[in-house]
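Enquirer: This one is query15.cif, mmCIF, N, CA and C atoms.
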```
data_data
loop_
_atom_site.label_atom_id
_atom_site.label_comp_id
_atom_site.auth_asym_id
_atom_site.auth_seq_id
_atom_site.Cartn_x
_atom_site.Cartn_y
_atom_site.Cartn_z
N MET A 1 5.18 -3.18 18.68
CA MET A 1 5.73 -1.94 18.19
C MET A 1 6.38 -1.16 19.33
N ALA A 2 7.58 -0.73 19.11
CA ALA A 2 8.26 0.12 20.09
C ALA A 2 7.70 1.54 19.98
N GLN A 3 7.52 2.16 21.13
CA GLN A 3 6.97 3.51 21.16
C GLN A 3 7.75 4.34 22.17
N LYS A 4 7.99 5.60 21.84
CA LYS A 4 8.68 6.49 22.74
C LYS A 4 7.91 7.80 22.81
N ILE A 5 7.89 8.40 23.99
CA ILE A 5 7.18 9.66 24.22
C ILE A 5 8.17 10.82 24.20
N TYR A 6 7.78 11.89 23.50
CA TYR A 6 8.59 13.10 23.44
C TYR A 6 7.71 14.30 23.79
N PHE A 7 8.34 15.34 24.32
CA PHE A 7 7.67 16.60 24.60
C PHE A 7 8.36 17.70 23.80
N PHE A 8 7.58 18.38 22.94
CA PHE A 8 8.11 19.44 22.08
C PHE A 8 7.40 20.74 22.42
N SER A 9 8.16 21.82 22.56
CA SER A 9 7.59 23.12 22.93
C SER A 9 7.80 24.14 21.83
N GLY A 10 6.93 25.14 21.84
CA GLY A 10 7.04 26.23 20.89
C GLY A 10 5.76 27.00 20.80
N THR A 11 5.62 27.73 19.70
CA THR A 11 4.44 28.55 19.44
C THR A 11 3.59 27.83 18.41
N CYS A 12 2.27 27.88 18.59
CA CYS A 12 1.41 27.13 17.67
C CYS A 12 0.58 28.04 16.78
N LYS A 13 0.12 27.42 15.70
CA LYS A 13 -0.85 28.03 14.79
C LYS A 13 -1.84 26.94 14.38
N TRP A 14 -3.01 27.36 13.99
CA TRP A 14 -4.02 26.48 13.40
C TRP A 14 -4.32 25.26 14.27
N ALA A 15 -4.50 25.48 15.56
CA ALA A 15 -4.78 24.38 16.50
C ALA A 15 -6.23 23.91 16.35
N LYS A 16 -6.38 22.71 15.86
CA LYS A 16 -7.69 22.06 15.77
C LYS A 16 -7.61 20.83 16.66
N ILE A 17 -7.68 21.08 17.97
CA ILE A 17 -7.41 20.01 18.93
C ILE A 17 -8.62 19.62 19.78
N HIS A 18 -9.72 20.38 19.67
CA HIS A 18 -10.95 20.01 20.37
C HIS A 18 -11.94 19.35 19.42
N GLN A 19 -11.98 19.81 18.18
CA GLN A 19 -12.82 19.24 17.13
C GLN A 19 -11.92 18.87 15.96
N PRO A 20 -12.15 17.71 15.35
CA PRO A 20 -11.27 17.32 14.24
C PRO A 20 -11.48 18.17 13.00
N ASP A 21 -10.40 18.33 12.24
CA ASP A 21 -10.46 18.95 10.92
C ASP A 21 -11.01 17.88 9.98
N THR A 22 -11.94 18.25 9.13
CA THR A 22 -12.57 17.25 8.25
C THR A 22 -12.22 17.44 6.78
N LYS A 23 -11.24 18.28 6.50
CA LYS A 23 -10.89 18.54 5.10
C LYS A 23 -10.34 17.29 4.41
N PHE A 24 -9.49 16.54 5.10
CA PHE A 24 -8.89 15.31 4.54
C PHE A 24 -9.07 14.17 5.54
N GLY A 25 -10.30 13.77 5.79
CA GLY A 25 -10.58 12.78 6.81
C GLY A 25 -10.82 13.50 8.13
N GLU A 26 -10.84 12.78 9.22
CA GLU A 26 -11.05 13.39 10.53
C GLU A 26 -9.76 13.32 11.34
N LYS A 27 -9.09 14.48 11.47
CA LYS A 27 -7.83 14.54 12.19
C LYS A 27 -7.81 15.75 13.10
N TYR A 28 -7.20 15.57 14.25
CA TYR A 28 -6.89 16.68 15.14
C TYR A 28 -5.50 17.16 14.72
N LEU A 29 -5.33 18.48 14.58
CA LEU A 29 -4.08 19.02 14.03
C LEU A 29 -3.57 20.20 14.84
N ILE A 30 -2.26 20.39 14.78
CA ILE A 30 -1.64 21.59 15.32
C ILE A 30 -0.32 21.80 14.60
N ASP A 31 -0.05 23.04 14.19
CA ASP A 31 1.25 23.40 13.63
C ASP A 31 2.07 23.95 14.79
N LEU A 32 3.22 23.35 15.05
CA LEU A 32 4.06 23.76 16.18
C LEU A 32 5.39 24.29 15.65
N TYR A 33 5.63 25.58 15.92
CA TYR A 33 6.90 26.22 15.58
C TYR A 33 7.84 25.94 16.74
N LEU A 34 8.71 24.97 16.54
CA LEU A 34 9.54 24.44 17.62
C LEU A 34 10.61 25.42 18.07
N ASP A 35 10.82 25.45 19.40
CA ASP A 35 11.96 26.21 19.91
C ASP A 35 13.23 25.42 19.55
N PRO A 36 14.42 26.03 19.60
CA PRO A 36 15.64 25.34 19.14
C PRO A 36 15.91 23.99 19.81
N ALA A 37 15.68 23.90 21.11
CA ALA A 37 15.93 22.62 21.81
C ALA A 37 14.95 21.55 21.33
N SER A 38 13.70 21.93 21.12
CA SER A 38 12.71 20.96 20.64
C SER A 38 12.98 20.54 19.21
N LEU A 39 13.44 21.47 18.37
CA LEU A 39 13.78 21.12 16.99
C LEU A 39 14.91 20.10 16.97
N ASP A 40 15.92 20.31 17.80
CA ASP A 40 17.04 19.37 17.89
C ASP A 40 16.54 18.00 18.36
N LEU A 41 15.68 17.98 19.39
CA LEU A 41 15.13 16.73 19.91
C LEU A 41 14.28 16.04 18.84
N PHE A 42 13.48 16.81 18.11
CA PHE A 42 12.65 16.23 17.06
C PHE A 42 13.52 15.55 16.00
N GLN A 43 14.59 16.21 15.58
CA GLN A 43 15.46 15.64 14.55
C GLN A 43 16.13 14.36 15.05
N LYS A 44 16.40 14.27 16.34
CA LYS A 44 17.01 13.06 16.92
C LYS A 44 15.99 11.95 17.13
N SER A 45 14.69 12.27 17.12
CA SER A 45 13.65 11.27 17.40
C SER A 45 13.52 10.25 16.27
N GLY A 46 13.96 10.61 15.08
CA GLY A 46 13.85 9.69 13.94
C GLY A 46 12.50 9.73 13.26
N SER A 47 11.59 10.60 13.70
CA SER A 47 10.26 10.69 13.10
C SER A 47 10.38 11.03 11.62
N ARG A 48 9.49 10.45 10.83
CA ARG A 48 9.48 10.74 9.40
C ARG A 48 8.57 11.92 9.07
N SER A 49 7.99 12.57 10.10
CA SER A 49 7.18 13.77 9.86
C SER A 49 8.04 14.84 9.22
N LYS A 50 7.42 15.58 8.33
CA LYS A 50 8.14 16.56 7.53
C LYS A 50 8.35 17.87 8.31
N VAL A 51 9.58 18.37 8.29
CA VAL A 51 9.90 19.68 8.83
C VAL A 51 9.56 20.69 7.74
N ARG A 52 8.71 21.67 8.07
CA ARG A 52 8.22 22.63 7.08
C ARG A 52 8.72 24.03 7.42
N GLN A 53 8.70 24.90 6.42
CA GLN A 53 9.12 26.30 6.58
C GLN A 53 8.03 27.20 6.03
N ASP A 54 7.82 28.34 6.68
CA ASP A 54 7.02 29.41 6.12
C ASP A 54 7.57 30.73 6.62
N GLU A 55 6.84 31.82 6.39
CA GLU A 55 7.35 33.14 6.77
C GLU A 55 7.54 33.30 8.28
N ASP A 56 6.92 32.43 9.09
CA ASP A 56 7.05 32.53 10.55
C ASP A 56 8.14 31.62 11.12
N GLY A 57 8.71 30.73 10.32
CA GLY A 57 9.79 29.88 10.79
C GLY A 57 9.62 28.41 10.45
N THR A 58 10.26 27.58 11.25
CA THR A 58 10.28 26.13 11.06
C THR A 58 9.20 25.50 11.94
N PHE A 59 8.38 24.64 11.34
CA PHE A 59 7.31 24.01 12.12
C PHE A 59 7.09 22.57 11.69
N ILE A 60 6.40 21.86 12.57
CA ILE A 60 5.97 20.49 12.33
C ILE A 60 4.46 20.47 12.46
N LYS A 61 3.78 19.77 11.58
CA LYS A 61 2.33 19.59 11.69
C LYS A 61 2.11 18.25 12.41
N PHE A 62 1.70 18.34 13.68
CA PHE A 62 1.39 17.13 14.44
C PHE A 62 -0.09 16.83 14.29
N SER A 63 -0.42 15.54 14.23
CA SER A 63 -1.82 15.16 14.04
C SER A 63 -2.16 13.91 14.83
N ARG A 64 -3.47 13.71 14.93
CA ARG A 64 -4.01 12.51 15.58
C ARG A 64 -5.26 12.14 14.79
N ASN A 65 -5.28 10.96 14.23
CA ASN A 65 -6.47 10.49 13.52
C ASN A 65 -7.59 10.25 14.52
N ARG A 66 -8.80 10.63 14.13
CA ARG A 66 -9.92 10.36 15.02
C ARG A 66 -10.24 8.87 15.02
N TRP A 67 -10.14 8.22 13.88
CA TRP A 67 -10.50 6.80 13.75
C TRP A 67 -9.25 5.99 13.43
N GLN A 68 -9.19 4.80 14.05
CA GLN A 68 -8.10 3.87 13.78
C GLN A 68 -8.66 2.46 13.83
N LYS A 69 -8.13 1.60 12.99
CA LYS A 69 -8.57 0.20 12.98
C LYS A 69 -7.93 -0.57 14.12
N ASP A 70 -8.71 -1.42 14.80
CA ASP A 70 -8.13 -2.28 15.83
C ASP A 70 -7.65 -3.57 15.15
N LYS A 71 -7.19 -4.51 15.94
CA LYS A 71 -6.62 -5.75 15.38
C LYS A 71 -7.63 -6.57 14.58
N GLU A 72 -8.92 -6.40 14.89
CA GLU A 72 -9.97 -7.13 14.17
C GLU A 72 -10.47 -6.35 12.95
N GLY A 73 -9.91 -5.16 12.72
CA GLY A 73 -10.30 -4.35 11.59
C GLY A 73 -11.50 -3.45 11.84
N LYS A 74 -11.94 -3.35 13.09
CA LYS A 74 -13.06 -2.48 13.43
C LYS A 74 -12.55 -1.07 13.73
N ASP A 75 -13.36 -0.07 13.38
CA ASP A 75 -13.00 1.31 13.65
C ASP A 75 -13.10 1.61 15.15
N MET A 76 -12.04 2.22 15.67
CA MET A 76 -12.00 2.68 17.06
C MET A 76 -11.94 4.20 17.06
N ASP A 77 -12.77 4.84 17.87
CA ASP A 77 -12.72 6.30 18.00
C ASP A 77 -11.59 6.63 18.97
N MET A 78 -10.53 7.25 18.46
CA MET A 78 -9.36 7.58 19.28
C MET A 78 -9.60 8.83 20.13
N GLY A 79 -10.60 9.62 19.77
CA GLY A 79 -10.90 10.82 20.52
C GLY A 79 -9.83 11.88 20.33
N PRO A 80 -10.09 13.07 20.88
CA PRO A 80 -9.13 14.16 20.74
C PRO A 80 -7.93 13.96 21.66
N PRO A 81 -6.85 14.68 21.40
CA PRO A 81 -5.73 14.65 22.34
C PRO A 81 -6.17 15.31 23.64
N ASP A 82 -5.53 14.95 24.74
CA ASP A 82 -5.78 15.64 26.00
C ASP A 82 -5.30 17.08 25.84
N VAL A 83 -6.07 18.03 26.32
CA VAL A 83 -5.69 19.43 26.28
C VAL A 83 -5.72 19.95 27.71
N LEU A 84 -4.56 20.45 28.16
CA LEU A 84 -4.39 20.87 29.55
C LEU A 84 -3.92 22.31 29.63
N SER A 85 -4.23 22.95 30.75
CA SER A 85 -3.72 24.29 31.02
C SER A 85 -2.29 24.19 31.55
N HIS A 86 -1.66 25.33 31.77
CA HIS A 86 -0.28 25.35 32.27
C HIS A 86 -0.14 24.66 33.63
N ASP A 87 -1.25 24.57 34.39
CA ASP A 87 -1.20 23.88 35.69
C ASP A 87 -1.80 22.47 35.61
N ASN A 88 -1.84 21.92 34.40
CA ASN A 88 -2.25 20.54 34.13
C ASN A 88 -3.70 20.23 34.49
N LYS A 89 -4.57 21.23 34.35
CA LYS A 89 -6.02 21.03 34.52
C LYS A 89 -6.64 21.03 33.13
N PRO A 90 -7.77 20.33 32.95
CA PRO A 90 -8.41 20.31 31.63
C PRO A 90 -8.65 21.73 31.09
N PHE A 91 -8.41 21.91 29.80
CA PHE A 91 -8.50 23.21 29.14
C PHE A 91 -9.44 23.08 27.96
N ASP A 92 -10.55 23.83 27.98
CA ASP A 92 -11.54 23.66 26.92
C ASP A 92 -11.72 24.88 26.02
N LYS A 93 -10.89 25.90 26.19
CA LYS A 93 -10.97 27.09 25.35
C LYS A 93 -10.29 26.83 24.00
N LEU A 94 -10.73 27.58 22.98
CA LEU A 94 -10.06 27.51 21.70
C LEU A 94 -8.67 28.14 21.82
N VAL A 95 -7.69 27.54 21.19
CA VAL A 95 -6.31 27.98 21.28
C VAL A 95 -5.98 28.81 20.04
N GLY A 96 -5.65 30.08 20.25
CA GLY A 96 -5.37 30.98 19.15
C GLY A 96 -3.94 30.91 18.66
N ASN A 97 -3.73 31.39 17.44
CA ASN A 97 -2.38 31.47 16.88
C ASN A 97 -1.49 32.29 17.81
N GLY A 98 -0.26 31.84 18.01
CA GLY A 98 0.68 32.54 18.87
C GLY A 98 0.73 32.01 20.29
N SER A 99 -0.16 31.08 20.64
CA SER A 99 -0.12 30.49 21.97
C SER A 99 1.15 29.67 22.13
N LYS A 100 1.73 29.68 23.31
CA LYS A 100 2.89 28.84 23.63
C LYS A 100 2.34 27.54 24.18
N VAL A 101 2.79 26.43 23.59
CA VAL A 101 2.29 25.11 23.99
C VAL A 101 3.43 24.11 24.08
N THR A 102 3.14 23.03 24.77
CA THR A 102 4.02 21.86 24.79
C THR A 102 3.18 20.68 24.32
N CYS A 103 3.65 19.99 23.28
CA CYS A 103 2.94 18.84 22.73
C CYS A 103 3.60 17.55 23.19
N LYS A 104 2.77 16.65 23.70
CA LYS A 104 3.22 15.29 24.02
C LYS A 104 2.96 14.46 22.76
N VAL A 105 4.03 13.87 22.24
CA VAL A 105 3.96 13.17 20.96
C VAL A 105 4.51 11.75 21.12
N GLU A 106 3.79 10.80 20.56
CA GLU A 106 4.24 9.40 20.55
C GLU A 106 4.94 9.14 19.22
N VAL A 107 6.16 8.65 19.27
CA VAL A 107 6.88 8.24 18.07
C VAL A 107 6.98 6.72 18.12
N TYR A 108 6.47 6.06 17.08
CA TYR A 108 6.35 4.60 17.11
C TYR A 108 6.85 4.00 15.80
N ASP A 109 7.20 2.72 15.87
CA ASP A 109 7.64 2.00 14.68
C ASP A 109 6.43 1.60 13.85
N SER A 110 6.54 1.78 12.54
CA SER A 110 5.51 1.31 11.62
C SER A 110 6.22 0.70 10.42
N LYS A 111 5.44 0.10 9.54
CA LYS A 111 6.06 -0.52 8.36
C LYS A 111 6.63 0.52 7.41
N TYR A 112 6.27 1.80 7.61
CA TYR A 112 6.77 2.88 6.75
C TYR A 112 7.91 3.66 7.39
N GLY A 113 8.28 3.33 8.62
CA GLY A 113 9.29 4.09 9.35
C GLY A 113 8.73 4.55 10.68
N LYS A 114 9.28 5.60 11.22
CA LYS A 114 8.84 6.12 12.52
C LYS A 114 7.60 7.00 12.34
N GLY A 115 6.48 6.52 12.86
CA GLY A 115 5.24 7.28 12.82
C GLY A 115 5.15 8.21 14.02
N THR A 116 4.29 9.21 13.92
CA THR A 116 4.14 10.21 14.96
C THR A 116 2.66 10.43 15.24
N ARG A 117 2.28 10.49 16.54
CA ARG A 117 0.88 10.71 16.92
C ARG A 117 0.82 11.74 18.04
N LEU A 118 -0.02 12.75 17.88
CA LEU A 118 -0.24 13.75 18.91
C LEU A 118 -1.04 13.12 20.04
N ALA A 119 -0.50 13.15 21.26
CA ALA A 119 -1.19 12.55 22.41
C ALA A 119 -1.84 13.60 23.30
N ALA A 120 -1.16 14.74 23.50
CA ALA A 120 -1.68 15.77 24.40
C ALA A 120 -1.07 17.12 24.07
N VAL A 121 -1.75 18.17 24.50
CA VAL A 121 -1.26 19.53 24.32
C VAL A 121 -1.44 20.26 25.66
N ARG A 122 -0.35 20.85 26.16
CA ARG A 122 -0.44 21.69 27.34
C ARG A 122 -0.29 23.13 26.88
N VAL A 123 -1.25 23.96 27.23
CA VAL A 123 -1.24 25.37 26.84
C VAL A 123 -0.50 26.15 27.92
N ASP A 124 0.74 26.54 27.62
CA ASP A 124 1.59 27.22 28.60
C ASP A 124 1.27 28.72 28.69
N GLU A 125 1.02 29.36 27.54
CA GLU A 125 0.62 30.77 27.49
C GLU A 125 -0.48 30.89 26.44
N HIS A 126 -1.69 31.15 26.90
CA HIS A 126 -2.86 31.15 26.01
C HIS A 126 -3.05 32.49 25.32
N VAL A 127 -3.24 32.42 24.01
CA VAL A 127 -3.68 33.56 23.21
C VAL A 127 -5.09 33.20 22.78
N PRO A 128 -6.10 33.98 23.15
CA PRO A 128 -7.47 33.64 22.77
C PRO A 128 -7.64 33.58 21.25
N PHE A 129 -8.49 32.67 20.82
CA PHE A 129 -8.83 32.54 19.41
C PHE A 129 -9.59 33.78 18.99
N ALA A 130 -9.18 34.40 17.90
CA ALA A 130 -9.78 35.66 17.45
C ALA A 130 -10.65 35.49 16.21
N GLY A 131 -11.07 34.27 15.92
CA GLY A 131 -11.91 34.03 14.75
C GLY A 131 -11.16 34.28 13.46
N ASN A 132 -11.50 33.52 12.43
CA ASN A 132 -10.92 33.67 11.09
C ASN A 132 -9.42 33.95 11.08
N GLU A 133 -8.67 33.31 11.99
CA GLU A 133 -7.22 33.52 12.03
C GLU A 133 -6.57 32.83 10.85
#
```
Is it possible to express this structure as structure tokens?
Expert:
Amino acid sequence: MAQKIYFFSGTCKWAKIHQPDTKFGEKYLIDLYLDPASLDLFQKSGSRSKVRQDEDGTFIKFSRNRWQKDKEGKDMDMGPPDVLSHDNKPFDKLVGNGSKVTCKVEVYDSKYGKGTRLAAVRVDEHVPFAGNE
């Protein structure tokens, strides 16, 4: 499978990147409101991920499955995406809505088209999590 790495920047909401969301399986998630250059790059990447709109703008929901089957069909724990501070040191704080981040995303070939996987998140400007956001 061919794979390419992209970096997309913008403002995030609903970052569940340290613990997986369990509503629909176990996935690490982040909604990224892309800056104009990143939106253009995303559209050129060929990813089949859906571009969404809401009252705050245009965003992409990037995700990473916690579990994936290996070639023998056994479950592999993929773990969370790497989360780094603006100076590329490990970052373990909860990321609040409005934080500026850069997401490292893998775009790969699959039988359904270009798949997308969240690999890492760099927190460029942190907004503390304020609970019940």
Enquirer: For the structure shown, which residues end up in the PyMOL selection byres (((chain A and resi 120 and name CA) around 7) and name CA)? Put them as a VMD selection string, please?
Expert: chain A and resid 81 to 83 103 to 104 118 to 119 121 to 122
Enquirer: Tell me, in Å to one decimal, how far atom C of Arg66 (chain A) is from atom N of Glu26 (chain A).
Expert: 7.0 Å
Enquirer: Neighbouring residues of Leu94 (chain A) were defined as those with any atom within 8 Å, considering only C-alpha atoms; residues of the same chain fewer than 6 positions away were excluded. Please report them as a PyMOL selection string.
Expert: chain A and resi 18+128-129
Enquirer: My list of candidates is A:Val127, A:Met78, A:Val95, A:Ala37. Which is closest to Trp14 (chain A) when distances are computed with only C-alpha atoms?
Expert: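 Going through A:Val127, A:Met78, A:Val95, A:Ala37 one by one, the smallest distance to Trp14 (chain A) is for A:Val95.
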Enquirer: Which of these, A:Phe62, A:Phe42, A:Phe91, A:Tyr112, has the shortest distance to Tyr6 (chain A) once you count only C-alpha atoms?
Expert: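 For Tyr6 (chain A), the nearest of the given residues is A:Phe42.
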Enquirer: Select from region 2-105 of chain A everything DSSP, run on the backbone, classes as alpha helix (DSSP H), then give the selection as an NGL selection string.
Expert: :A and (36-45)
Enquirer: Between A:Gln19, A:Ser9, A:Ser63, A:Ala130, which has the minimum distance to Arg117 (chain A) (counting all atoms listed in the file)?
Expert: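 Of all the options, A:Ser63 lies closest to Arg117 (chain A).
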